[in-house]
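Taking it in order: structure first as structure tokens, then the write-up.
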Amino acid sequence: MPPSSLRVVYAFAREMHPKTSDVFIQYGTAGFRTKANLLEHVVYRMGLLAVIRSRVKNGRTIGMMITASHNLEPDNGVKLVDPDGEMLEQSWEEIATRLANVSDNDLESTTEQIIKQVNADMSLKASVFIGMDTRYTSPRLAAAASNGVIALKGTPREFGIVTTPILHYCVKCRNDNTYGIPTEEGYYEKIVGAFKTIRQKLPVFGEYNTTLYVDGANGVGGKKLNIIRKSLDGELDLQLFNLGGNGGKLNLNCGADFVKVSQKQPVGVEHVPYQRVASLDGDGDRLVYYYLDDKENMHLLDGDRIATLLASYIAELLKGAEAGDLNMGLVQTAYANGASTRYITEELKVPVTCVKTGVKHLHHAALSYDIGVYFEANGHGTVIYSDKAKKTIAKIAHDGEPEQRKSAQLLLNLIDMTNETVGDAISDLFLVETVLCARGLHARQWRAAYADLPCRQLKVTVQDRNAIATTDAERRCTAPEGLQAAVDALAGKYASGRAFVRPSGTEDIVRVYAEADSQLAADKLAAEVAQAVYELAGGVGERPQLPA
Ligand code: G16
């Protein structure tokens, strides 16, 4: 494409998607995320970048997902998906940020510079898959994404409303047809098909019951489960709530983030004591479970619990298959409950790596194992299997002794049920239900594996959250001066006290995490650390209060 054709890039921007705000925006933990009315020009420009990225990848398909996931309805966002269905390569985040922030007048020249910098052959074909969540601002932004693709003569394909993981899956399948069929139906066939196959082999027994209540966060995940529900042939009785009707608002007092952070039950769910409930987030990439006891106390089963459940079952099957030369590791972040890390290393004897927040970091670290299980405590995660692992397991399933074959075949079904591209609430839900069924477990027994340290998360608003810098996988902060010393001193006052602070990459706030040996101690520690952040990092608004 000769540089003169880049004029259309400016024409589209000026006529349809002008930059209307000078607020600096950064490609963060999961792409660009802010108030939806500040995003149209950003999404248009990401359409341009997706085309350039597709050409750098020899015309392989790139994904664009319009979503602000767990954020509330007024926000929206956009993130790019690389050809293997994983998050955009990190070295391109700076390029994305640059392109998003230049003035309309500089857009044409900046686009040209980027094309040169990344050495994109603009004569190649380019393909971009576009998906969106249920926000009312999403269709307009998806149209801006398409226009960006068209402006650089790429081919957009709109998937309409899909979960984020379905879009990642379709991108992967489009570029690697051995993985599956790149459509929503292809996704259901593979994931739900594997679940139904495995259910034929694992009769329901023990304390497991097939009823599962699901909080859909009033987002897209619940809607898709409503489609899937009809094809489950009674293998799982899904009772769905918060599907977006009856005035329910996206992620408001419901959904995985609300349940995890507030440690409260979502609105809209009919509560039956000891009945397990799964909570999805707004775009269907996170999952947590909980149940209420007969005194209405909530017992949370978060991403750490899902990781340990899956890892222990996979380890059992690997042992049964006698596939001892395959190594498995688990990846967590600083938010992982200290008790879970101890359980994984001491009881499961599985190595643990701790990385920065963001599934892109976890996914990357998990690649170093034959089988990498990665989960954030917030319920975002999956399992990835190396080619070596897949080949070894397939060989045993074919040639092994009868007992080995049985375990290896179950592992193959689990692999099929797993969306390896990114954390996926629907796929994770079927994996969890499979393990609970295979072991005849009630959620109470699942929870009994170890006792969580009580914890608390808080948010603090500051003038500039980037004034907080962190190191050591975000477990320590290096700026502003004095903050880490204050956190250390506060955590040192409490038995099993641990705390850290970090700027969010998806909201304009600083996050505080604390754990200690009692809920009151964890609540106090979190509040004291929040006050230290407020004082040392330029807090705005009301000063955080200590618990009564
Ligand atoms: C995104 C990321 C997650 C991250 C979360 C919170 O989740 O994909 O990896 O844990 O944001 O990030 P932060 O603490 O930086 O705001 P989601 O579900 O919103 O896409």
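Within each chain, counting starts at residue 1; across the structure tokens, chains are named A, B, ... in the order shown, with ligands numbered 1 upward in that order.
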Around ligand 1, out to 7 Å and counting only C-alpha atoms and all ligand atoms, which residues are there? I want them as number ranges by chain. A: 29-30, 68-71, 281, 285-286, 357-359, 376, 378, 380, 503-507, 511
Set the distance at 7 Å and use only C-alpha atoms: which residues neighbour range 418-424 of chain A once local chain neighbours fewer than 2 positions away are removed? I'd like the list as a count of residues only. 20
Residue with the minimum atom-to-atom distance to Asp399 in chain A, picked from A:Ala321, A:Ala491, A:Thr341, A:Leu287 with only C-alpha atoms counted, is A:Ala321
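For range 251-293 of chain A, a DSSP pass over the backbone yields strand (DSSP E) at Val277, Ala278, Ser279, Leu280, Leu287, Val288, Tyr289, Tyr290, Tyr291 and Leu292 of chain A.
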Which polymer residues have any atom within 7 Å of an atom of Gly206 in chain A, counting only C-alpha atoms, with same-chain residues fewer than 2 positions away left out, as an mmCIF file with N, CA, C and O atoms, in the first residue's frame?
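File written: out_39.cif
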data_model
loop_
_atom_site.group_PDB
_atom_site.id
_atom_site.type_symbol
_atom_site.label_atom_id
_atom_site.label_comp_id
_atom_site.auth_asym_id
_atom_site.auth_seq_id
_atom_site.Cartn_x
_atom_site.Cartn_y
_atom_site.Cartn_z
ATOM 1 N N TYR A 208 -21.762 -35.284 45.246
ATOM 2 C CA TYR A 208 -21.922 -34.347 44.116
ATOM 3 C C TYR A 208 -23.370 -34.324 43.672
ATOM 4 O O TYR A 208 -24.005 -35.362 43.577
ATOM 5 N N GLY A 440 -16.896 -37.155 43.387
ATOM 6 C CA GLY A 440 -18.102 -37.238 44.221
ATOM 7 C C GLY A 440 -18.128 -36.189 45.315
ATOM 8 O O GLY A 440 -18.593 -36.444 46.429
ATOM 9 N N LEU A 441 -17.638 -34.990 45.005
ATOM 10 C CA LEU A 441 -17.459 -33.973 46.051
ATOM 11 C C LEU A 441 -18.618 -32.986 46.172
ATOM 12 O O LEU A 441 -19.160 -32.505 45.171
#
Nearby residues (only C-alpha atoms) at most 10 Å from Arg276 in chain A, same-chain spacing under 6 positions excluded, as a VMD selection string: chain A and resid 209 211 to 214 289 to 292 299 to 301 442 to 444
Could you give me, as a ChimeraX atom specification, the residues within 9 Å of Ala339 in chain A, counting only C-alpha atoms and dropping anything in the same chain fewer than 6 positions from it? /A:450-453
What does the file look like for those residues with all heavy atoms, as a PDB file, in the first residue's frame?
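selection09.pdb, freshly written:
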ATOM      1  N   TYR A 450      -7.893 -26.976  52.366  1.00  0.00           N
ATOM      2  CA  TYR A 450      -7.049 -26.115  53.213  1.00  0.00           C
ATOM      3  C   TYR A 450      -7.908 -24.954  53.698  1.00  0.00           C
ATOM      4  O   TYR A 450      -9.006 -24.706  53.166  1.00  0.00           O
ATOM      5  CB  TYR A 450      -5.808 -25.606  52.457  1.00  0.00           C
ATOM      6  CG  TYR A 450      -6.112 -24.738  51.252  1.00  0.00           C
ATOM      7  CD1 TYR A 450      -6.278 -23.351  51.375  1.00  0.00           C
ATOM      8  CD2 TYR A 450      -6.226 -25.294  49.979  1.00  0.00           C
ATOM      9  CE1 TYR A 450      -6.565 -22.560  50.265  1.00  0.00           C
ATOM     10  CE2 TYR A 450      -6.512 -24.513  48.868  1.00  0.00           C
ATOM     11  CZ  TYR A 450      -6.676 -23.147  49.017  1.00  0.00           C
ATOM     12  OH  TYR A 450      -6.960 -22.360  47.935  1.00  0.00           O
ATOM     13  N   ALA A 451      -7.417 -24.242  54.724  1.00  0.00           N
ATOM     14  CA  ALA A 451      -8.179 -23.107  55.270  1.00  0.00           C
ATOM     15  C   ALA A 451      -7.540 -21.807  54.797  1.00  0.00           C
ATOM     16  O   ALA A 451      -6.363 -21.545  55.068  1.00  0.00           O
ATOM     17  CB  ALA A 451      -8.181 -23.171  56.797  1.00  0.00           C
ATOM     18  N   ASP A 452      -8.319 -20.984  54.085  1.00  0.00           N
ATOM     19  CA  ASP A 452      -7.812 -19.687  53.609  1.00  0.00           C
ATOM     20  C   ASP A 452      -7.425 -18.798  54.776  1.00  0.00           C
ATOM     21  O   ASP A 452      -8.100 -18.804  55.808  1.00  0.00           O
ATOM     22  CB  ASP A 452      -8.922 -18.949  52.850  1.00  0.00           C
ATOM     23  CG  ASP A 452      -8.961 -19.311  51.390  1.00  0.00           C
ATOM     24  OD1 ASP A 452      -7.883 -19.427  50.790  1.00  0.00           O
ATOM     25  OD2 ASP A 452     -10.077 -19.480  50.853  1.00  0.00           O
ATOM     26  N   LEU A 453      -6.380 -17.997  54.581  1.00  0.00           N
ATOM     27  CA  LEU A 453      -6.143 -16.914  55.537  1.00  0.00           C
ATOM     28  C   LEU A 453      -7.169 -15.822  55.245  1.00  0.00           C
ATOM     29  O   LEU A 453      -7.374 -15.476  54.071  1.00  0.00           O
ATOM     30  CB  LEU A 453      -4.739 -16.331  55.326  1.00  0.00           C
ATOM     31  CG  LEU A 453      -3.591 -17.103  55.960  1.00  0.00           C
ATOM     32  CD1 LEU A 453      -2.257 -16.596  55.398  1.00  0.00           C
ATOM     33  CD2 LEU A 453      -3.618 -16.954  57.475  1.00  0.00           C
TER      34      LEU A 453
END
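Of note, CA of Leu525 in chain A and CA of Leu483 in chain A are spaced 14.1 Å apart.
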Excluding same-chain residues fewer than 2 positions from Val43 in chain A, what lies within 9 Å of it counting only C-alpha atoms, as JSON, numbers by chain? {"A": [17, 32, 39, 40, 41, 45, 46, 47, 48, 66, 77, 78, 79, 100, 141, 142, 144, 145, 148]}
Export of the given selection (N, CA and C atoms) as an mmCIF file, in the first residue's frame:
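Output (result-v4.cif):
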data_model
loop_
_atom_site.group_PDB
_atom_site.id
_atom_site.type_symbol
_atom_site.label_atom_id
_atom_site.label_comp_id
_atom_site.auth_asym_id
_atom_site.auth_seq_id
_atom_site.Cartn_x
_atom_site.Cartn_y
_atom_site.Cartn_z
ATOM 1 N N HIS A 17 -14.369 9.445 13.422
ATOM 2 C CA HIS A 17 -13.894 9.076 14.764
ATOM 3 C C HIS A 17 -12.833 10.060 15.252
ATOM 4 N N PHE A 32 -6.961 -1.083 26.519
ATOM 5 C CA PHE A 32 -7.395 0.263 26.927
ATOM 6 C C PHE A 32 -8.731 0.138 27.643
ATOM 7 N N LEU A 39 -13.555 6.692 24.103
ATOM 8 C CA LEU A 39 -12.837 5.572 23.482
ATOM 9 C C LEU A 39 -12.949 5.437 21.973
ATOM 10 N N GLU A 40 -13.886 6.180 21.342
ATOM 11 C CA GLU A 40 -14.159 5.854 19.941
ATOM 12 C C GLU A 40 -12.917 5.999 19.053
ATOM 13 N N HIS A 41 -12.186 7.100 19.252
ATOM 14 C CA HIS A 41 -10.991 7.277 18.401
ATOM 15 C C HIS A 41 -9.943 6.208 18.710
ATOM 16 N N ARG A 45 -8.385 3.543 16.000
ATOM 17 C CA ARG A 45 -6.931 3.438 15.785
ATOM 18 C C ARG A 45 -6.438 2.009 16.045
ATOM 19 N N MET A 46 -7.064 1.314 16.997
ATOM 20 C CA MET A 46 -6.672 -0.079 17.221
ATOM 21 C C MET A 46 -7.070 -0.959 16.038
ATOM 22 N N GLY A 47 -8.119 -0.540 15.313
ATOM 23 C CA GLY A 47 -8.458 -1.235 14.063
ATOM 24 C C GLY A 47 -7.303 -1.107 13.071
ATOM 25 N N LEU A 48 -6.730 0.092 13.011
ATOM 26 C CA LEU A 48 -5.565 0.306 12.131
ATOM 27 C C LEU A 48 -4.413 -0.602 12.571
ATOM 28 N N ILE A 66 -14.126 -5.768 22.155
ATOM 29 C CA ILE A 66 -14.650 -4.539 22.753
ATOM 30 C C ILE A 66 -15.294 -4.940 24.078
ATOM 31 N N GLY A 77 -13.857 -0.784 26.721
ATOM 32 C CA GLY A 77 -12.429 -0.996 26.479
ATOM 33 C C GLY A 77 -12.211 -1.749 25.190
ATOM 34 N N VAL A 78 -10.945 -1.887 24.854
ATOM 35 C CA VAL A 78 -10.581 -2.664 23.669
ATOM 36 C C VAL A 78 -9.252 -3.354 23.932
ATOM 37 N N LYS A 79 -9.186 -4.598 23.526
ATOM 38 C CA LYS A 79 -7.885 -5.261 23.593
ATOM 39 C C LYS A 79 -7.653 -6.068 22.329
ATOM 40 N N ALA A 100 -2.664 5.594 20.024
ATOM 41 C CA ALA A 100 -3.933 6.030 20.635
ATOM 42 C C ALA A 100 -3.890 7.499 21.047
ATOM 43 N N LEU A 141 -18.661 1.184 19.177
ATOM 44 C CA LEU A 141 -17.206 1.001 19.206
ATOM 45 C C LEU A 141 -16.772 -0.106 18.241
ATOM 46 N N ALA A 142 -17.594 -1.146 18.130
ATOM 47 C CA ALA A 142 -17.257 -2.226 17.182
ATOM 48 C C ALA A 142 -17.259 -1.675 15.746
ATOM 49 N N ALA A 144 -16.475 1.387 14.943
ATOM 50 C CA ALA A 144 -15.221 2.159 14.815
ATOM 51 C C ALA A 144 -14.049 1.212 14.553
ATOM 52 N N ALA A 145 -14.067 0.052 15.203
ATOM 53 C CA ALA A 145 -12.996 -0.938 14.991
ATOM 54 C C ALA A 145 -12.993 -1.384 13.534
ATOM 55 N N GLY A 148 -11.560 1.173 11.224
ATOM 56 C CA GLY A 148 -10.092 1.191 11.293
ATOM 57 C C GLY A 148 -9.497 0.112 10.404
#
For Ser340 in chain A: contacts at 12 Å, only C-alpha atoms, fewer than 5 positions along chain excluded, given as a PyMOL selection string: chain A and resi 301-309+330-335+345-348+350+352+375-377+447-454
Output for the residues just chosen: C-alpha atoms as a short mmCIF file (atom, residue, chain, number, x, y, z; two decimals), in the first residue's frame:
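The file below, part.cif, is the result:
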data_model
loop_
_atom_site.label_atom_id
_atom_site.label_comp_id
_atom_site.auth_asym_id
_atom_site.auth_seq_id
_atom_site.Cartn_x
_atom_site.Cartn_y
_atom_site.Cartn_z
CA LEU A 301 -14.13 -20.86 46.30
CA ASP A 302 -12.01 -18.53 44.22
CA GLY A 303 -9.38 -18.84 41.51
CA ASP A 304 -6.87 -20.33 43.97
CA ARG A 305 -9.35 -23.09 44.81
CA ILE A 306 -10.10 -23.76 41.14
CA ALA A 307 -6.37 -23.98 40.41
CA THR A 308 -5.72 -26.44 43.24
CA LEU A 309 -8.75 -28.57 42.33
CA LEU A 330 1.19 -23.62 38.88
CA VAL A 331 1.31 -19.86 38.31
CA GLN A 332 -0.24 -17.34 40.69
CA THR A 333 0.01 -13.63 41.52
CA ALA A 334 0.56 -11.78 44.79
CA TYR A 335 -3.23 -11.94 45.37
CA THR A 345 3.90 -26.60 47.39
CA GLU A 346 3.69 -28.69 50.58
CA GLU A 347 0.71 -30.97 49.93
CA LEU A 348 0.40 -31.19 46.16
CA VAL A 350 3.70 -28.81 42.61
CA VAL A 352 4.61 -22.41 42.07
CA PHE A 375 -5.12 -18.74 37.90
CA GLU A 376 -5.48 -15.34 39.46
CA ALA A 377 -7.33 -15.39 42.77
CA ARG A 447 -13.27 -26.23 50.44
CA ALA A 448 -11.91 -28.53 53.17
CA ALA A 449 -8.59 -29.07 51.34
CA TYR A 450 -7.05 -26.11 53.21
CA ALA A 451 -8.18 -23.11 55.27
CA ASP A 452 -7.81 -19.69 53.61
CA LEU A 453 -6.14 -16.91 55.54
CA PRO A 454 -8.77 -14.18 55.99
#
Mind the document's chain letters and residue numbers, and return as a PyMOL selection string the residues of range 186-348 of chain A that DSSP labels helix (DSSP H, G or I). chain A and resi 186-201+220-229+255-262+303-320+338-347
Could you check the closest approach to Phe205 in chain A for each of A:Arg439, A:Glu89, A:Asp325, A:Ala311 and tell me which residue wins, using only C-alpha atoms? A:Arg439
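The nearest approach to Gly538 in chain A among the residues A:Gln463, A:Phe500, A:Val512, A:Val272, with only C-alpha atoms taken into account, belongs to A:Gln463.
Closest approach to Val277 in chain A among A:Gln445, A:Ser262, A:Ser386, A:Gln239 is made by A:Gln239 (distances from only C-alpha atoms).
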As a check of understanding: the span from CA of Glu322 in chain A to CA of Tyr179 in chain A is 25.8 Å
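Nearest residue to Lys196 in chain A, choosing from A:Ala438, A:Leu318, A:Leu232, A:Met298 and counting only C-alpha atoms: A:Leu232.
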